[in-house]
Amino acid sequence: QVQLVESGGGLVQAGGSLKLSCAATGFTFGGYSMGWFRQGLGKEREFVAAISWIGRTTYYADSVKGRFTISRDSAKNTAYLQMNNLSPEDTAVYFCVADLRTAQSMSVMSPSAGDHWGQGTQVTVSS
């Protein structure tokens with residue numbers, strides 16, 4: 001059974017940091033690009049970051065470049081999103097996604113696409 005389970009969300013003050021994790025089971029983790037999307041209250045789901053299946057190539061939304069870092073550990077079948085210098089605008093539910101397309105394609109992927117999605121983890125940034 002395919003599962004993506006996110007963890008690491010929570011409440012943090014502006015300027016703080018959080019690290020999200022996405023544990024994958026039930027499929028060949030190494031063959032998939034991994035990504036993070038987010039959805040704020042009343043907003044559409046949007047792309048945040050993606051990493052290639054081998055982990056050498058990453059893509060970021062302009063709004064998070066220089067603050068967020070995506071990574072993956074194939075030995076643990078886990079993807080991560082390190083978020084630094086958080087602002088209230090980063091408040092959202094963060095979703096992990098796995099897909100067979102390239103990481104570059106994932107960066108422009110429709111939020112309704114994606115092979116496998118997690119259930120999401122809430123990140124709240126207070127001012």
# chains A, B, ... in the order shown; residues from 1 in each chain; ligands from 1
call {"tool": "select_by_dssp", "arguments": {"residues": "stretch 25-84 of chain A", "states": "strand (DSSP E or B)", "output": "ChimeraX atom specification"}}
result
/A:25,33-39,46-51,58-60,68-73,78-83
call {"tool": "closest_atom_pairs", "arguments": {"of": "stretch 8-65 of chain A", "to": "stretch 102-107 of chain A", "cutoff": "8 Å", "atoms": "only C-alpha atoms", "output": "Markdown table"}}
result
| residue | atom | partner | partner_atom | distance |
| --- | --- | --- | --- | --- |
| A:Ser33 | CA | A:Ala103 | CA | 5.6 |
| A:Met34 | CA | A:Ala103 | CA | 7.3 |
| A:Gly35 | CA | A:Met106 | CA | 7.2 |
| A:Phe47 | CA | A:Ser107 | CA | 6.3 |
| A:Val48 | CA | A:Ser107 | CA | 7.9 |
| A:Ala49 | CA | A:Ser107 | CA | 7.0 |
| A:Ala50 | CA | A:Ala103 | CA | 5.4 |
| A:Ile51 | CA | A:Ala103 | CA | 5.4 |
| A:Ser52 | CA | A:Ala103 | CA | 4.9 |
| A:Trp53 | CA | A:Ala103 | CA | 7.7 |
| A:Thr57 | CA | A:Ala103 | CA | 7.3 |
| A:Thr58 | CA | A:Ala103 | CA | 6.9 |
| A:Tyr59 | CA | A:Ser107 | CA | 6.5 |
| A:Tyr60 | CA | A:Ser107 | CA | 7.4 |
| A:Ala61 | CA | A:Ser107 | CA | 7.8 |
call {"tool": "write_last_selection", "arguments": {"atoms": "N, CA, C and O atoms", "output": "tab-separated table (two decimals), in the first residue's frame"}}
result
chain	number	residue	atom	x	y	z
A	33	SER	N	10.53	11.38	-8.49
A	33	SER	CA	10.80	12.74	-8.02
A	33	SER	C	9.91	13.00	-6.82
A	33	SER	O	8.79	12.47	-6.74
A	34	MET	N	10.40	13.81	-5.91
A	34	MET	CA	9.63	14.16	-4.72
A	34	MET	C	9.43	15.67	-4.67
A	34	MET	O	10.29	16.44	-5.10
A	35	GLY	N	8.30	16.06	-4.15
A	35	GLY	CA	8.02	17.50	-4.10
A	35	GLY	C	7.19	17.86	-2.89
A	35	GLY	O	6.65	17.00	-2.19
A	47	PHE	N	2.88	25.00	-5.81
A	47	PHE	CA	4.19	24.34	-5.77
A	47	PHE	C	5.13	25.07	-4.82
A	47	PHE	O	5.16	26.30	-4.77
A	48	VAL	N	5.92	24.29	-4.08
A	48	VAL	CA	6.92	24.85	-3.19
A	48	VAL	C	8.33	24.43	-3.62
A	48	VAL	O	9.20	25.28	-3.82
A	49	ALA	N	8.56	23.12	-3.75
A	49	ALA	CA	9.90	22.64	-4.06
A	49	ALA	C	9.81	21.23	-4.63
A	49	ALA	O	8.86	20.50	-4.35
A	50	ALA	N	10.82	20.86	-5.42
A	50	ALA	CA	10.90	19.52	-5.97
A	50	ALA	C	12.36	19.09	-6.05
A	50	ALA	O	13.25	19.93	-6.18
A	51	ILE	N	12.57	17.78	-5.99
A	51	ILE	CA	13.91	17.22	-6.08
A	51	ILE	C	13.87	16.00	-6.97
A	51	ILE	O	12.92	15.22	-6.94
A	52	SER	N	14.89	15.85	-7.79
A	52	SER	CA	14.94	14.75	-8.74
A	52	SER	C	15.09	13.42	-8.02
A	52	SER	O	15.46	13.36	-6.84
A	53	TRP	N	14.84	12.35	-8.76
A	53	TRP	CA	14.86	11.02	-8.15
A	53	TRP	C	16.23	10.68	-7.59
A	53	TRP	O	16.34	9.94	-6.62
A	57	THR	N	19.14	17.46	-8.53
A	57	THR	CA	18.51	18.67	-9.08
A	57	THR	C	17.33	19.07	-8.21
A	57	THR	O	16.51	18.23	-7.85
A	58	THR	N	17.27	20.36	-7.92
A	58	THR	CA	16.17	20.88	-7.11
A	58	THR	C	15.55	22.10	-7.79
A	58	THR	O	16.22	22.81	-8.54
A	59	TYR	N	14.29	22.31	-7.50
A	59	TYR	CA	13.56	23.46	-8.02
A	59	TYR	C	12.74	24.06	-6.87
A	59	TYR	O	12.24	23.34	-6.01
A	60	TYR	N	12.61	25.39	-6.90
A	60	TYR	CA	11.89	26.08	-5.84
A	60	TYR	C	10.97	27.15	-6.41
A	60	TYR	O	11.28	27.77	-7.44
A	61	ALA	N	9.88	27.38	-5.73
A	61	ALA	CA	9.05	28.53	-6.03
A	61	ALA	C	9.84	29.79	-5.67
A	61	ALA	O	10.64	29.78	-4.72
call {"tool": "residues_around", "arguments": {"residues": "A:Ser17", "least_positions_apart": "4", "cutoff": "8 Å", "atoms": "only C-alpha atoms", "output": "PyMOL selection string"}}
result
chain A and resi 12+82-86
call {"tool": "closest_residue", "arguments": {"among": "A:Leu81, A:Leu18, A:Leu100, A:Val93", "to": "A:Glu44", "atoms": "only C-alpha atoms"}}
result
A:Val93
call {"tool": "residues_around", "arguments": {"residues": "stretch 75-78 of chain A", "least_positions_apart": "3", "cutoff": "8 Å", "atoms": "only C-alpha atoms", "output": "mmCIF file with all heavy atoms, in the first residue's frame"}}
result
data_model
loop_
_atom_site.group_PDB
_atom_site.id
_atom_site.type_symbol
_atom_site.label_atom_id
_atom_site.label_comp_id
_atom_site.auth_asym_id
_atom_site.auth_seq_id
_atom_site.Cartn_x
_atom_site.Cartn_y
_atom_site.Cartn_z
ATOM 1 N N SER A 21 9.214 16.347 7.302
ATOM 2 C CA SER A 21 9.642 15.051 6.795
ATOM 3 C C SER A 21 8.484 14.385 6.066
ATOM 4 O O SER A 21 7.326 14.603 6.411
ATOM 5 C CB SER A 21 10.112 14.146 7.940
ATOM 6 O OG SER A 21 11.217 14.711 8.611
ATOM 7 N N CYS A 22 8.829 13.571 5.089
ATOM 8 C CA CYS A 22 7.832 12.807 4.329
ATOM 9 C C CYS A 22 8.345 11.387 4.189
ATOM 10 O O CYS A 22 9.266 11.128 3.413
ATOM 11 C CB CYS A 22 7.613 13.439 2.968
ATOM 12 S SG CYS A 22 6.566 12.471 1.857
ATOM 13 N N ALA A 23 7.770 10.484 4.953
ATOM 14 C CA ALA A 23 8.178 9.083 4.934
ATOM 15 C C ALA A 23 7.356 8.326 3.904
ATOM 16 O O ALA A 23 6.116 8.355 3.947
ATOM 17 C CB ALA A 23 8.001 8.470 6.316
ATOM 18 N N ALA A 24 8.041 7.637 2.999
ATOM 19 C CA ALA A 24 7.379 6.950 1.890
ATOM 20 C C ALA A 24 7.459 5.442 2.055
ATOM 21 O O ALA A 24 8.516 4.892 2.408
ATOM 22 C CB ALA A 24 8.038 7.351 0.575
ATOM 23 N N THR A 25 6.354 4.780 1.796
ATOM 24 C CA THR A 25 6.307 3.321 1.807
ATOM 25 C C THR A 25 5.423 2.833 0.676
ATOM 26 O O THR A 25 4.554 3.554 0.189
ATOM 27 C CB THR A 25 5.743 2.772 3.144
ATOM 28 O OG1 THR A 25 4.439 3.319 3.351
ATOM 29 C CG2 THR A 25 6.644 3.129 4.313
ATOM 30 N N PHE A 29 10.911 4.230 -3.911
ATOM 31 C CA PHE A 29 11.188 5.638 -3.616
ATOM 32 C C PHE A 29 12.227 6.227 -4.571
ATOM 33 O O PHE A 29 12.068 7.340 -5.060
ATOM 34 C CB PHE A 29 11.670 5.742 -2.163
ATOM 35 C CG PHE A 29 11.965 7.141 -1.702
ATOM 36 C CD1 PHE A 29 10.943 8.019 -1.400
ATOM 37 C CD2 PHE A 29 13.288 7.561 -1.548
ATOM 38 C CE1 PHE A 29 11.221 9.296 -0.957
ATOM 39 C CE2 PHE A 29 13.569 8.836 -1.101
ATOM 40 C CZ PHE A 29 12.532 9.715 -0.805
ATOM 41 N N GLY A 30 13.258 5.474 -4.850
ATOM 42 C CA GLY A 30 14.348 5.996 -5.664
ATOM 43 C C GLY A 30 13.974 6.290 -7.099
ATOM 44 O O GLY A 30 14.715 6.988 -7.792
ATOM 45 N N ARG A 72 16.513 14.613 0.165
ATOM 46 C CA ARG A 72 15.967 13.267 0.275
ATOM 47 C C ARG A 72 17.043 12.324 0.755
ATOM 48 O O ARG A 72 18.230 12.528 0.491
ATOM 49 C CB ARG A 72 15.384 12.803 -1.056
ATOM 50 C CG ARG A 72 16.387 12.662 -2.182
ATOM 51 C CD ARG A 72 15.679 12.443 -3.513
ATOM 52 N NE ARG A 72 14.953 11.170 -3.536
ATOM 53 C CZ ARG A 72 13.977 10.891 -4.393
ATOM 54 N NH1 ARG A 72 13.597 11.802 -5.286
ATOM 55 N NH2 ARG A 72 13.386 9.720 -4.360
#
call {"tool": "residues_around", "arguments": {"residues": "A:Gly16", "least_positions_apart": "5", "cutoff": "12 Å", "atoms": "only C-alpha atoms", "output": "tab-separated table (two decimals) with all heavy atoms, in the first residue's frame"}}
result
chain	number	residue	atom	x	y	z
A	10	GLY	N	3.89	22.53	12.66
A	10	GLY	CA	3.61	23.08	13.97
A	10	GLY	C	3.49	24.58	13.94
A	10	GLY	O	3.35	25.18	12.87
A	11	LEU	N	3.52	25.17	15.12
A	11	LEU	CA	3.43	26.61	15.28
A	11	LEU	C	4.81	27.19	15.57
A	11	LEU	O	5.52	26.68	16.44
A	11	LEU	CB	2.48	26.94	16.44
A	11	LEU	CG	2.35	28.41	16.85
A	11	LEU	CD1	1.76	29.22	15.71
A	11	LEU	CD2	1.49	28.52	18.10
A	67	ARG	N	15.34	30.38	1.26
A	67	ARG	CA	14.86	30.13	2.63
A	67	ARG	C	14.56	28.65	2.87
A	67	ARG	O	14.75	28.16	3.99
A	67	ARG	CB	13.60	30.95	2.90
A	67	ARG	CG	13.77	32.45	2.77
A	67	ARG	CD	12.52	33.19	3.23
A	67	ARG	NE	11.34	32.86	2.44
A	67	ARG	CZ	10.21	32.34	2.95
A	67	ARG	NH1	10.11	32.12	4.25
A	67	ARG	NH2	9.18	32.09	2.16
A	68	PHE	N	14.08	27.96	1.86
A	68	PHE	CA	13.70	26.56	1.99
A	68	PHE	C	14.71	25.68	1.26
A	68	PHE	O	15.26	26.08	0.22
A	68	PHE	CB	12.31	26.30	1.39
A	68	PHE	CG	11.16	26.90	2.15
A	68	PHE	CD1	11.35	27.83	3.18
A	68	PHE	CD2	9.86	26.53	1.84
A	68	PHE	CE1	10.28	28.37	3.87
A	68	PHE	CE2	8.78	27.07	2.52
A	68	PHE	CZ	9.00	27.99	3.53
A	82	GLN	N	13.47	21.69	4.69
A	82	GLN	CA	13.98	22.58	5.73
A	82	GLN	C	13.50	23.99	5.42
A	82	GLN	O	13.77	24.51	4.34
A	82	GLN	CB	15.50	22.55	5.78
A	82	GLN	CG	16.13	23.52	6.76
A	82	GLN	CD	15.84	23.16	8.20
A	82	GLN	OE1	15.98	22.01	8.60
A	82	GLN	NE2	15.42	24.15	9.00
A	83	MET	N	12.80	24.59	6.37
A	83	MET	CA	12.22	25.93	6.16
A	83	MET	C	12.81	26.89	7.17
A	83	MET	O	12.65	26.70	8.38
A	83	MET	CB	10.70	25.85	6.31
A	83	MET	CG	10.04	24.82	5.41
A	83	MET	SD	8.24	24.84	5.50
A	83	MET	CE	7.98	24.32	7.18
A	84	ASN	N	13.50	27.89	6.67
A	84	ASN	CA	14.12	28.90	7.52
A	84	ASN	C	13.51	30.27	7.27
A	84	ASN	O	12.88	30.51	6.24
A	84	ASN	CB	15.62	28.96	7.26
A	84	ASN	CG	16.33	27.65	7.57
A	84	ASN	OD1	15.94	26.90	8.46
A	84	ASN	ND2	17.39	27.38	6.82
A	85	ASN	N	13.72	31.14	8.23
A	85	ASN	CA	13.23	32.52	8.11
A	85	ASN	C	11.76	32.55	7.70
A	85	ASN	O	11.38	33.25	6.75
A	85	ASN	CB	14.08	33.31	7.12
A	85	ASN	CG	13.83	34.80	7.19
A	85	ASN	OD1	13.34	35.31	8.19
A	85	ASN	ND2	14.13	35.50	6.12
A	86	LEU	N	10.96	31.81	8.42
A	86	LEU	CA	9.54	31.69	8.08
A	86	LEU	C	8.80	33.00	8.32
A	86	LEU	O	9.14	33.78	9.23
A	86	LEU	CB	8.91	30.57	8.89
A	86	LEU	CG	9.28	29.15	8.43
A	86	LEU	CD1	9.03	28.13	9.52
A	86	LEU	CD2	8.48	28.80	7.18
A	87	SER	N	7.80	33.23	7.51
A	87	SER	CA	6.94	34.40	7.65
A	87	SER	C	5.49	33.96	7.72
A	87	SER	O	5.16	32.83	7.33
A	87	SER	CB	7.15	35.34	6.46
A	87	SER	OG	6.58	34.78	5.30
A	88	PRO	N	4.60	34.82	8.21
A	88	PRO	CA	3.18	34.45	8.27
A	88	PRO	C	2.62	34.03	6.92
A	88	PRO	O	1.68	33.21	6.87
A	88	PRO	CB	2.52	35.73	8.79
A	88	PRO	CG	3.58	36.38	9.62
A	88	PRO	CD	4.86	36.10	8.89
A	90	ASP	N	3.86	32.05	4.94
A	90	ASP	CA	4.17	30.64	4.74
A	90	ASP	C	3.16	29.73	5.45
A	90	ASP	O	3.24	28.49	5.31
A	90	ASP	CB	5.57	30.32	5.27
A	90	ASP	CG	6.66	31.04	4.49
A	90	ASP	OD1	6.60	31.06	3.26
A	90	ASP	OD2	7.57	31.60	5.14
A	123	VAL	N	1.44	24.01	8.98
A	123	VAL	CA	2.49	24.92	9.42
A	123	VAL	C	1.85	26.28	9.68
A	123	VAL	O	1.20	26.83	8.78
A	123	VAL	CB	3.60	25.05	8.36
A	123	VAL	CG1	4.58	26.16	8.74
A	123	VAL	CG2	4.34	23.72	8.20
A	124	THR	N	2.00	26.78	10.87
A	124	THR	CA	1.45	28.08	11.23
A	124	THR	C	2.56	28.98	11.73
A	124	THR	O	3.30	28.60	12.66
A	124	THR	CB	0.36	27.94	12.32
A	124	THR	OG1	-0.66	27.05	11.85
A	124	THR	CG2	-0.26	29.29	12.63
A	125	VAL	N	2.68	30.14	11.12
A	125	VAL	CA	3.72	31.08	11.48
A	125	VAL	C	3.05	32.33	12.07
A	125	VAL	O	2.27	32.99	11.39
A	125	VAL	CB	4.59	31.47	10.28
A	125	VAL	CG1	5.74	32.37	10.72
A	125	VAL	CG2	5.13	30.22	9.58
A	126	SER	N	3.37	32.61	13.30
A	126	SER	CA	2.77	33.78	13.97
A	126	SER	C	3.68	34.99	13.82
A	126	SER	O	4.89	34.88	13.74
A	126	SER	CB	2.55	33.47	15.45
A	126	SER	OG	3.79	33.24	16.09
A	127	SER	N	3.04	36.14	13.77
A	127	SER	CA	3.81	37.39	13.60
A	127	SER	C	4.24	37.97	14.92
A	127	SER	O	3.83	37.52	15.97
A	127	SER	CB	2.97	38.41	12.84
A	127	SER	OG	1.75	38.65	13.52
call {"tool": "closest_residue", "arguments": {"among": "A:Asp62, A:Leu20, A:Ile54, A:Ala14", "to": "A:Trp36", "atoms": "only C-alpha atoms"}}
result
A:Leu20
call {"tool": "select_by_dssp", "arguments": {"residues": "chain A", "states": "alpha helix (DSSP H)", "output": "PDB file with C-alpha atoms, in the first residue's frame"}}
result
ATOM      1  CA  ALA A 103      11.518  17.426 -10.915  1.00  0.00           C
ATOM      2  CA  GLN A 104      11.450  20.228 -13.455  1.00  0.00           C
ATOM      3  CA  SER A 105       8.055  19.031 -14.699  1.00  0.00           C
ATOM      4  CA  MET A 106       6.849  18.758 -11.122  1.00  0.00           C
TER       5      MET A 106
END
call {"tool": "atom_distance", "arguments": {"atom1": "atom CA of A:Gln122", "atom2": "atom CA of A:Glu6"}}
result
9.6 Å
call {"tool": "closest_residue", "arguments": {"among": "A:His116, A:Lys19, A:Lys65, A:Arg45", "to": "A:Tyr32", "atoms": "only C-alpha atoms"}}
result
A:His116
call {"tool": "closest_residue", "arguments": {"among": "A:Gly15, A:Glu46, A:Ile70, A:Trp117", "to": "A:Gln3", "atoms": "only C-alpha atoms"}}
result
A:Trp117
call {"tool": "atom_distance", "arguments": {"atom1": "atom CA of A:Leu4", "atom2": "atom CA of A:Phe37"}}
result
13.3 Å
call {"tool": "atom_distance", "arguments": {"atom1": "atom CA of A:Val64", "atom2": "atom CA of A:Gly120"}}
result
18.3 Å
